[in-house]
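Shown here: work.txt, compact mmCIF, C-alpha atoms and all ligand atoms.
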```txt
# COMPACT_ATOMS: atom_id res chain seq x y z
CA MET S 254 10.63 6.33 50.94
CA CYS S 255 13.38 8.54 49.61
CA VAL S 256 14.81 10.83 52.28
CA ALA S 257 15.48 13.64 49.82
CA CYS S 258 12.33 13.94 47.70
CA GLN S 259 9.98 12.05 50.07
CA LYS S 260 8.53 10.01 47.24
CA ARG S 261 7.61 6.42 47.75
CA GLU S 262 9.31 4.20 45.24
CA PHE S 263 9.64 0.52 44.63
CA GLN S 264 12.42 -1.04 46.65
CA LYS S 265 14.47 -1.72 43.53
CA GLU S 266 14.48 1.98 42.67
CA LEU S 267 15.96 2.87 46.03
CA ILE S 268 19.54 2.77 47.25
CA ARG S 269 19.98 1.91 50.91
CA VAL S 270 22.50 4.05 52.73
CA GLN S 271 23.36 4.75 56.34
CA LYS S 272 24.71 7.39 58.62
CA ARG S 273 27.76 6.53 60.67
CA GLU S 274 29.70 8.99 62.79
CA GLY S 275 28.08 11.89 61.00
CA LYS S 276 28.94 10.68 57.51
CA MET S 277 27.00 8.87 54.84
CA TYR S 278 27.94 5.42 53.59
CA LEU S 279 26.34 2.63 51.63
CA TYR S 280 24.40 0.40 53.99
CA SER S 281 26.69 -2.22 55.47
CA GLY S 282 24.08 -4.54 56.94
CA GLU S 283 23.74 -3.08 60.40
CA GLY S 284 22.76 0.15 62.01
CA ARG S 285 20.17 2.71 61.08
CA SER S 286 19.54 3.05 57.38
CA PHE S 287 17.55 5.18 55.01
CA TYR S 288 16.87 5.33 51.29
CA LEU S 289 17.63 7.52 48.33
CA CYS S 290 15.94 7.09 44.97
CA LYS S 291 17.88 6.86 41.73
CA ALA S 292 16.41 10.11 40.47
CA CYS S 293 17.89 11.93 43.46
CA LEU S 294 21.21 10.14 43.12
CA GLN S 295 21.54 11.59 39.67
CA GLY S 296 20.38 14.98 40.81
CA ASN S 297 22.53 17.92 41.68
CA LYS S 298 24.17 19.48 44.73
CA HIS S 299 20.78 20.64 45.84
CA ILE S 300 20.00 17.04 46.81
CA ALA S 301 23.16 16.70 48.88
CA LYS S 302 22.23 19.84 50.76
CA ILE S 303 18.74 18.55 51.53
CA VAL S 304 20.01 15.16 52.67
CA ALA S 305 22.83 16.65 54.74
CA GLY S 306 20.46 19.06 56.46
CA ARG S 307 17.67 16.63 57.06
CA MET S 308 19.83 13.78 58.30
CA LYS S 309 22.50 15.92 59.99
CA ILE S 310 25.24 14.41 57.89
CA ASP S 311 28.47 16.01 56.74
CA LYS S 312 27.61 17.52 53.33
CA LYS S 313 30.93 16.63 51.73
CA SER S 314 30.43 12.96 52.55
CA VAL S 315 26.96 13.09 50.98
CA GLU S 316 28.30 14.73 47.83
CA ALA S 317 31.11 12.21 47.58
CA LEU S 318 28.82 9.22 47.97
CA LEU S 319 26.23 10.61 45.55
CA LYS S 320 28.93 11.14 42.98
CA GLU S 321 30.27 7.63 43.45
CA LEU S 322 26.82 6.04 43.32
CA SER S 323 25.55 8.01 40.36
CA SER S 324 28.49 6.81 38.30
CA ASN S 325 27.60 3.23 39.24
CA VAL S 326 23.90 3.44 38.49
CA LYS S 327 23.48 2.42 34.90
CA ASP S 328 19.86 2.23 33.84
ZN ZN U 401 14.34 10.91 45.75
```
Hey, can you dump this file as structure tokens for me?
Amino acid sequence: MCVACQKREFQKELIRVQKREGKMYLYSGEGRSFYLCKACLQGNKHIAKIVAGRMKIDKKSVEALLKELSSNVKD
């Protein structure tokens, strides 16, 4: 389930990320993880705010990762 929009999506439509020391990173294989859907990745700053608030993550790190990921998602 996507942490931002709360929609259930197929696994392949979701990007696995994690929180580490209050910042968001791509999932590295260990630790607590959560998912974001591709639609939210390509969304706006509104999404970063929701994710940052809900997961208690530094908003700038969310925005930076979203920006990086959305430029990599090519569908
Ligand atoms: Zn979503």
>> Can you measure atom CA of Val270 of chain S to atom CA of Leu289 of chain S for me? One decimal in Å is fine.
In response: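 Between atom CA of Val270 of chain S and atom CA of Leu289 of chain S the gap works out to 7.4 Å.
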Give, as AutoDock Vina command-line options, the centre coordinates and the x, y and z edge lengths in Å to one decimal for an axis-aligned box around all listed atoms of segment 306-325 of chain S, padded by 5 Å on each side.
```
--center_x 24.4 --center_y 11.1 --center_z 49.1 --size_x 23.4 --size_y 25.8 --size_z 31.7
```
List all protein, DNA and RNA residues that have an atom no more than 8 Å from any atom of ligand ZN 401 (chain U), counting all atoms listed in the file, and report them as a compact mmCIF listing (two decimals) with C-alpha atoms, in the coordinates of the input.
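Once written, pocket.txt looks like this:
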```txt
# COMPACT_ATOMS: atom_id res chain seq x y z
CA MET S 254 10.63 6.33 50.94
CA CYS S 255 13.38 8.54 49.61
CA VAL S 256 14.81 10.83 52.28
CA ALA S 257 15.48 13.64 49.82
CA CYS S 258 12.33 13.94 47.70
CA GLN S 259 9.98 12.05 50.07
CA LYS S 260 8.53 10.01 47.24
CA LEU S 289 17.63 7.52 48.33
CA CYS S 290 15.94 7.09 44.97
CA LYS S 291 17.88 6.86 41.73
CA ALA S 292 16.41 10.11 40.47
CA CYS S 293 17.89 11.93 43.46
CA LEU S 294 21.21 10.14 43.12
```
>> Report, in Å with one decimal, the straight-line distance from atom CA of Lys265 of chain S to atom CA of Leu279 of chain S.
In response: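 The value is 15.0 Å.
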>> Can you tell me which residues surround Ala305 of chain S at a distance of at most 10 Å, considering all atoms listed in the file, apart from same-chain residues fewer than 3 positions away, and format the answer as a count of residues only?
In response: 17
